[in-house]
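Peer 1: Input work05.txt, format and content: compact mmCIF, C-alpha atoms.
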```
# COMPACT_ATOMS: atom_id res chain seq x y z
CA MET A 868 19.16 0.08 -22.19
CA GLN A 869 18.53 0.86 -25.82
CA ASN A 870 20.81 3.94 -25.65
CA GLN A 871 23.60 1.81 -24.19
CA GLN A 872 23.26 -0.70 -27.01
CA ASN A 873 23.34 2.08 -29.62
CA GLN A 874 26.70 3.19 -28.21
CA LEU A 875 28.25 -0.27 -28.61
CA PRO A 876 30.46 -1.03 -31.62
CA GLN A 877 28.49 -2.49 -34.47
CA GLY A 878 28.31 -6.29 -34.33
CA TYR A 879 28.98 -6.49 -30.59
CA ARG A 880 26.88 -7.16 -27.49
CA GLN A 881 27.81 -6.42 -23.90
CA ASN A 882 27.56 -9.35 -21.51
CA SER A 883 26.63 -9.29 -17.80
CA ALA A 884 30.29 -8.79 -16.84
CA GLY A 885 30.53 -5.68 -19.00
CA HIS A 886 32.68 -7.31 -21.68
CA LEU A 887 32.15 -6.74 -25.39
CA VAL A 888 31.34 -9.98 -27.21
CA PRO A 889 31.11 -10.32 -31.03
CA GLU A 890 27.58 -11.33 -32.03
CA SER A 891 29.13 -14.04 -34.21
CA LYS A 892 30.43 -15.70 -31.05
CA ILE A 893 27.05 -15.65 -29.27
CA GLU A 894 24.77 -18.68 -29.41
CA ALA A 895 21.60 -18.19 -31.47
CA ILE A 896 19.38 -19.06 -28.50
CA ASP A 897 21.13 -16.40 -26.39
CA LEU A 898 20.49 -13.78 -29.09
CA LEU A 899 16.82 -14.79 -29.29
CA ARG A 900 16.49 -14.60 -25.50
CA ASP A 901 18.08 -11.16 -25.48
CA GLU A 902 15.73 -9.90 -28.18
CA LEU A 903 12.66 -11.35 -26.41
CA VAL A 904 13.54 -9.71 -23.09
CA GLU A 905 14.27 -6.35 -24.75
CA LYS A 906 11.02 -6.45 -26.72
CA LEU A 907 8.75 -7.41 -23.82
CA LEU A 908 10.43 -5.04 -21.38
CA ALA A 909 10.00 -2.14 -23.81
CA LYS A 910 6.28 -2.94 -24.02
CA ALA A 911 6.04 -3.26 -20.22
CA GLU A 912 7.69 0.14 -19.74
CA ASN A 913 5.25 1.67 -22.22
CA ILE A 914 2.25 0.13 -20.41
CA ASN A 915 3.64 1.33 -17.07
CA LYS A 916 3.92 4.86 -18.44
CA GLN A 917 0.34 4.71 -19.75
CA LEU A 918 -0.93 3.47 -16.37
CA ARG A 919 0.86 6.27 -14.52
CA GLU A 920 -0.56 8.86 -16.91
CA PHE A 921 -4.04 7.33 -16.65
CA ARG A 922 -3.89 7.30 -12.85
CA MET A 923 -2.80 10.92 -12.70
CA GLN A 924 -5.49 12.03 -15.15
CA ALA A 925 -8.18 9.98 -13.37
CA LEU A 926 -7.29 11.48 -9.97
CA MET A 927 -7.39 14.98 -11.44
CA ASP A 928 -10.76 14.33 -13.10
CA ILE A 929 -12.26 12.94 -9.89
CA SER A 930 -10.90 15.83 -7.86
CA ASP A 931 -12.33 18.35 -10.34
CA PHE A 932 -15.74 16.66 -10.24
CA ILE A 933 -15.79 16.60 -6.43
CA GLU A 934 -14.90 20.29 -6.34
CA LEU A 935 -17.64 21.09 -8.88
CA SER A 936 -20.24 19.08 -6.97
CA SER A 937 -19.19 20.60 -3.65
CA GLU A 938 -19.52 24.12 -5.05
CA GLN A 939 -22.97 23.37 -6.46
CA TYR A 940 -24.40 21.90 -3.27
CA GLY A 941 -22.21 23.58 -0.69
CA MET A 942 -21.26 20.26 0.88
CA GLN A 943 -18.08 18.27 1.20
CA ILE A 944 -18.06 14.93 -0.65
CA GLY A 945 -16.20 12.00 0.80
CA GLY A 946 -15.30 10.86 4.29
CA LYS A 947 -12.72 12.28 6.64
CA LYS A 948 -9.94 10.55 4.75
CA GLY A 949 -11.16 11.65 1.33
CA ASN A 950 -12.77 8.33 0.43
CA VAL A 951 -15.46 8.60 -2.20
CA SER A 952 -17.51 6.34 -4.50
CA LEU A 953 -18.87 7.53 -7.85
CA ALA A 954 -21.43 5.50 -9.79
CA ASN A 955 -22.72 5.95 -13.31
CA PHE A 956 -26.40 6.73 -14.01
CA ASN A 957 -27.62 3.14 -14.28
CA GLY A 958 -25.58 2.03 -11.26
CA LYS A 959 -23.73 -0.71 -13.11
CA LYS A 960 -20.32 0.96 -12.99
CA MET A 961 -18.48 2.51 -10.08
CA ILE A 962 -15.18 4.18 -9.25
CA LYS A 963 -13.86 4.20 -5.70
CA ARG A 964 -11.13 6.51 -4.50
CA SER A 965 -9.67 5.64 -1.12
CA ILE A 966 -6.82 7.19 0.80
CA SER A 967 -4.83 4.96 3.14
CA GLU A 968 -2.68 6.56 5.80
CA SER A 969 0.55 4.99 7.06
CA ILE A 970 0.78 5.06 10.84
CA CYS A 971 3.98 4.90 12.85
CA PHE A 972 4.88 5.22 16.54
CA ASP A 973 7.48 7.40 18.24
CA GLU A 974 9.51 6.74 21.40
CA ARG A 975 6.43 7.09 23.62
CA LEU A 976 5.39 3.60 22.53
CA GLN A 977 8.26 2.21 24.63
CA ILE A 978 7.01 4.26 27.58
CA ALA A 979 3.61 2.64 27.09
CA LYS A 980 5.25 -0.81 26.99
CA SER A 981 7.03 -0.12 30.29
CA LEU A 982 3.77 1.01 31.92
CA ILE A 983 1.99 -2.10 30.67
CA ASP A 984 4.77 -4.33 31.98
CA GLU A 985 4.40 -2.67 35.39
CA CYS A 986 0.65 -3.30 35.29
CA ILE A 987 1.11 -6.99 34.55
CA HIS A 988 3.74 -7.33 37.27
CA ARG A 989 1.49 -5.57 39.80
CA TRP A 990 -1.69 -7.42 39.03
CA SER A 991 -2.52 -10.64 40.81
CA GLU A 992 -1.89 -14.00 39.16
CA GLY A 993 -4.50 -15.79 37.10
CA SER A 994 -5.91 -14.69 33.78
CA ASN A 995 -3.20 -12.05 33.51
CA ASP A 996 -0.94 -14.70 31.93
CA ASN A 997 -3.22 -14.44 28.92
CA ILE A 998 -2.98 -10.66 28.94
CA LYS A 999 0.83 -10.88 29.17
CA ALA A 1000 0.91 -13.18 26.13
CA LEU A 1001 -1.39 -10.80 24.28
CA VAL A 1002 0.84 -7.83 25.08
CA GLU A 1003 4.03 -9.65 24.08
CA HIS A 1004 2.36 -10.66 20.80
CA ALA A 1005 1.25 -7.06 20.16
CA PHE A 1006 4.79 -5.72 20.55
CA GLN A 1007 6.45 -8.35 18.38
CA THR A 1008 8.19 -7.05 15.27
CA ASP A 1009 8.31 -8.56 11.81
CA LYS A 1010 11.47 -9.42 9.85
CA GLN A 1011 11.86 -5.74 8.89
CA GLY A 1012 11.63 -4.64 12.53
CA ASN A 1013 8.17 -3.12 12.12
CA ILE A 1014 5.48 -3.32 14.79
CA SER A 1015 1.93 -4.27 13.79
CA VAL A 1016 -0.25 -1.16 14.03
CA SER A 1017 -3.46 -3.20 14.29
CA ARG A 1018 -2.14 -5.30 17.20
CA ILE A 1019 -0.97 -2.25 19.14
CA LEU A 1020 -4.25 -0.41 18.59
CA GLY A 1021 -6.07 -3.60 19.57
CA LEU A 1022 -4.71 -3.18 23.11
CA ARG A 1023 -6.66 0.06 23.39
CA ARG A 1024 -9.90 -1.83 22.87
CA LEU A 1025 -9.38 -3.96 25.98
CA ASP A 1026 -11.83 -2.94 28.70
CA ILE A 1027 -9.36 -2.49 31.54
CA LYS A 1028 -10.07 0.27 34.07
CA ASP A 1029 -6.68 0.26 35.82
CA THR A 1030 -5.31 3.81 36.08
CA GLN A 1031 -1.80 2.87 35.02
CA TRP A 1032 -3.13 0.81 32.11
CA LEU A 1033 -5.20 3.79 30.96
CA GLU A 1034 -2.08 5.95 31.22
CA ALA A 1035 -0.27 3.45 28.98
CA MET A 1036 -3.13 3.58 26.47
CA GLU A 1037 -2.88 7.37 26.44
CA ALA A 1038 0.85 7.09 25.78
CA ILE A 1039 0.08 4.82 22.81
CA ALA A 1040 -2.39 7.37 21.47
CA ASP A 1041 0.16 10.18 21.88
CA SER A 1042 2.87 8.14 20.13
CA ILE A 1043 0.87 7.78 16.91
CA SER A 1044 1.82 9.89 13.92
CA ILE A 1045 0.98 9.76 10.22
CA SER A 1046 4.09 9.00 8.17
CA GLY A 1047 2.39 9.28 4.78
CA SER A 1048 -0.64 8.40 2.73
CA LYS A 1049 -1.38 6.61 -0.52
CA THR A 1050 -4.34 7.09 -2.82
CA TYR A 1051 -5.97 4.06 -4.42
CA LEU A 1052 -8.30 3.94 -7.41
CA ARG A 1053 -10.55 0.94 -7.98
CA PHE A 1054 -12.94 0.41 -10.86
CA TYR A 1055 -16.01 -1.84 -10.72
CA GLN A 1056 -18.73 -2.94 -13.09
CA ARG A 1057 -21.68 -5.30 -12.99
CA GLU A 1058 -22.03 -7.76 -15.81
CA GLN A 1059 -25.51 -8.42 -17.15
CA ASP A 1060 -27.64 -10.59 -14.85
CA HIS A 1061 -24.95 -10.53 -12.14
CA GLU A 1062 -25.91 -9.33 -8.68
CA PHE A 1063 -22.49 -8.15 -7.57
CA MET A 1064 -19.97 -5.86 -9.18
CA HIS A 1065 -16.53 -7.19 -10.00
CA GLN A 1066 -13.35 -5.17 -9.98
CA VAL A 1067 -11.73 -4.23 -13.27
CA CYS A 1068 -8.27 -5.63 -12.71
CA LEU A 1069 -5.31 -3.44 -13.57
CA ASP A 1070 -2.84 -5.86 -11.99
CA LEU A 1071 -0.88 -7.85 -14.56
CA ALA A 1072 -0.84 -10.97 -12.37
CA ASN A 1073 -4.63 -11.07 -12.12
CA ALA A 1074 -5.70 -9.57 -15.44
```
I'd like the structure from this file rewritten - as C-alpha cells, please.
Peer 2:
Amino acid sequence: MQNQQNQLPQGYRQNSAGHLVPESKIEAIDLLRDELVEKLLAKAENINKQLREFRMQALMDISDFIELSSEQYGMQIGGKKGNVSLANFNGKKMIKRSISESICFDERLQIAKSLIDECIHRWSEGSNDNIKALVEHAFQTDKQGNISVSRILGLRRLDIKDTQWLEAMEAIADSISISGSKTYLRFYQREQDHEFMHQVCLDLANA
C-alpha cells in the first residue's frame, strides 16, 4: 500500500475506483480517515509479523526442549498427537502445545449411509424412527457442504449388534482420513491467591 502511494504523483491520492484525485479536492475528514487507517493497519501488520515470529520461535524452543528431555530420559514426551504441557518450577505458569487433526471422509461414507438406510428399512417399526432421525441429523451438511465429524463418529458409539449396521460402521472407519493438522500454543499463569490459571490472551478481540 505504501509503495503504491509512493508511486503516485505528488499531491494526489488514488480513490477506490482507481482514479487520481488532487489532495486539494479531498475533504479534510476523508484525509484524516485515510491517515488513521494507514497508520493503524501498519501497526497491525507489524504486530502480526511479531506474533508469527514469536510462534515459530516458541514452537522451535519447545521442540528442542522435548528432544533434549527425551534424550536424557530415553522416553517420548507428549501424547500420541504430540500434545504436551510444560510448567515452570513453582507451577504458576504453564505452556500447552496441542496438535489438532482435521478429519475428512472419502466416498466410502456414502456406502455406509446406504447400508444404514437398508438397516433402518429392514428393522421393525417402533423406536427405529428415533434412530432414523438421528442418522439423518448425522449426515446433514452445513452451509459449506461439510459433514459434522463428531455426529458421524457418534453413530459408531451406538450399541447396535446388527451385522449390516456393524458393516456400515466399518465403512465409516475406513472412510476416515487426515486432511491436515494445526498446532496450537496456549499460555497460562496463576495470579497470586487465585486457585485457577487463566490464559494469557493473544487474541486482539479478547485482550
Peer 1: Take the point (-24.3, -1.8, -12.3) as written in the file and pick out every residue within 10 Å of it, counting only C-alpha atoms; give the list as a list in words.
Peer 2: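 I get Ala954, Asn955, Phe956, Asn957, Gly958, Lys959, Lys960, Met961, Tyr1055, Gln1056, Arg1057, Glu1058, Gln1059, Asp1060, His1061, Glu1062, Phe1063, Met1064 and His1065 of chain A for the residues within 10 Å of that point.
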Peer 1: Quick one: everything within 12 Å of Glu985 in chain A, counting only C-alpha atoms, minus sequence neighbours fewer than 6 positions away in the same chain. Send it as a PDB file with C-alpha atoms, in the coordinates of the input.
Peer 2:
```pdb
ATOM      1  CA  ILE A 978       7.010   4.260  27.580  1.00  0.00           C
ATOM      2  CA  ALA A 979       3.610   2.640  27.090  1.00  0.00           C
ATOM      3  CA  SER A 991      -2.520 -10.640  40.810  1.00  0.00           C
ATOM      4  CA  LYS A 999       0.830 -10.880  29.170  1.00  0.00           C
ATOM      5  CA  ASP A1029      -6.680   0.260  35.820  1.00  0.00           C
ATOM      6  CA  THR A1030      -5.310   3.810  36.080  1.00  0.00           C
ATOM      7  CA  GLN A1031      -1.800   2.870  35.020  1.00  0.00           C
ATOM      8  CA  TRP A1032      -3.130   0.810  32.110  1.00  0.00           C
ATOM      9  CA  GLU A1034      -2.080   5.950  31.220  1.00  0.00           C
ATOM     10  CA  ALA A1035      -0.270   3.450  28.980  1.00  0.00           C
TER      11      ALA A1035
END
```
Peer 1: How far is it from CA of Arg919 in chain A to CA of Arg1053 in chain A, in Å with one decimal?
Peer 2: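 Separating CA of Arg919 in chain A from CA of Arg1053 in chain A is a distance of 14.2 Å.
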Peer 1: Using all atoms listed in the file, which of the listed residues (A:Leu1071, A:Leu982, A:Ile914, A:Ile962) sits closest to Glu1037 in chain A?
Peer 2: A:Leu982
Peer 1: How many Å separate CA of Arg922 in chain A from CA of Phe1054 in chain A?
Peer 2: 11.5 Å
Peer 1: Which one of A:Leu1052, A:Leu899, A:Val1016, A:Cys1068 sits closest to Phe921 in chain A if you count only C-alpha atoms?
Peer 2: A:Leu1052
Peer 1: CA of Ser1046 in chain A and CA of Ile998 in chain A, how far apart in Å?
Peer 2: 29.5 Å
Peer 1: A:Leu1033, A:Gln881, A:Ala1072, A:Tyr1051: which is nearest Asp901 in chain A, counting all atoms listed in the file?
Peer 2: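 Under the stated criterion, the closest residue is A:Gln881.
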Peer 1: For Ser891 in chain A, which of A:Leu1020, A:Asn950, A:Asp984, A:Tyr879 is the closest residue, counting all atoms listed in the file?
Peer 2: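 Ranking A:Leu1020, A:Asn950, A:Asp984, A:Tyr879 by distance to Ser891 in chain A, first place goes to A:Tyr879.
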Peer 1: Let me make sure I understand: among A:Ser1015, A:Gln1007, A:Thr1050, A:Asn1073, which one has the smallest atom-to-atom distance to Lys963 in chain A if we use only C-alpha atoms?
Peer 2: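 Looking at the shortest contact to Lys963 in chain A, the residue is A:Thr1050.
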Peer 1: I'd like a table as a Markdown table: residues in range 963-1024 of chain A with an atom no more than 12 Å from range 923-942 of chain A, each row giving the shortest atom pair and its distance in Å to one decimal, only C-alpha atoms counted, sorted by chain and rising residue number.
Peer 2:
```
| residue | atom | partner | partner_atom | distance |
| --- | --- | --- | --- | --- |
| A:Lys963 | CA | A:Ile929 | CA | 9.8 |
| A:Arg964 | CA | A:Leu926 | CA | 8.3 |
| A:Ser965 | CA | A:Leu926 | CA | 10.9 |
| A:Ile966 | CA | A:Leu926 | CA | 11.6 |
```
Peer 1: Could you give me, as CSV, a per-residue list for range 961-1017 of chain A showing, wherever an atom lies at most 6 Å from an atom of range 1039-1045 of chain A, the closest pair of atoms and their distance in Å to one decimal, using all atoms listed in the file and sorting by chain then residue number from low to high?
Peer 2:
```
residue,atom,partner,partner_atom,distance
A:Ser969,CA,A:Ile1045,CA,5.7
A:Ile970,CA,A:Ile1045,CA,4.7
A:Cys971,CA,A:Ser1044,CA,5.5
A:Phe972,CA,A:Ile1043,CA,4.8
A:Asp973,CA,A:Ser1042,CA,5.0
A:Arg975,CA,A:Ser1042,CA,5.1
A:Leu976,CA,A:Ile1039,CA,5.5
A:Ala979,CA,A:Ile1039,CA,6.0
```
Peer 1: Could you name the residues that touch range 1000-1006 of chain A at 10 Å or less, counting all atoms listed in the file, but leaving out those on the same chain fewer than 5 positions away, as a VMD selection string?
Peer 2: chain A and resid 976 to 977 980 983 to 984 987 995 1013 to 1022
Peer 1: Could you tell me which of A:His886, A:Glu974, A:Arg989, A:Glu968 comes closest to Gly1047 in chain A if we count all atoms listed in the file?
Peer 2: A:Glu968
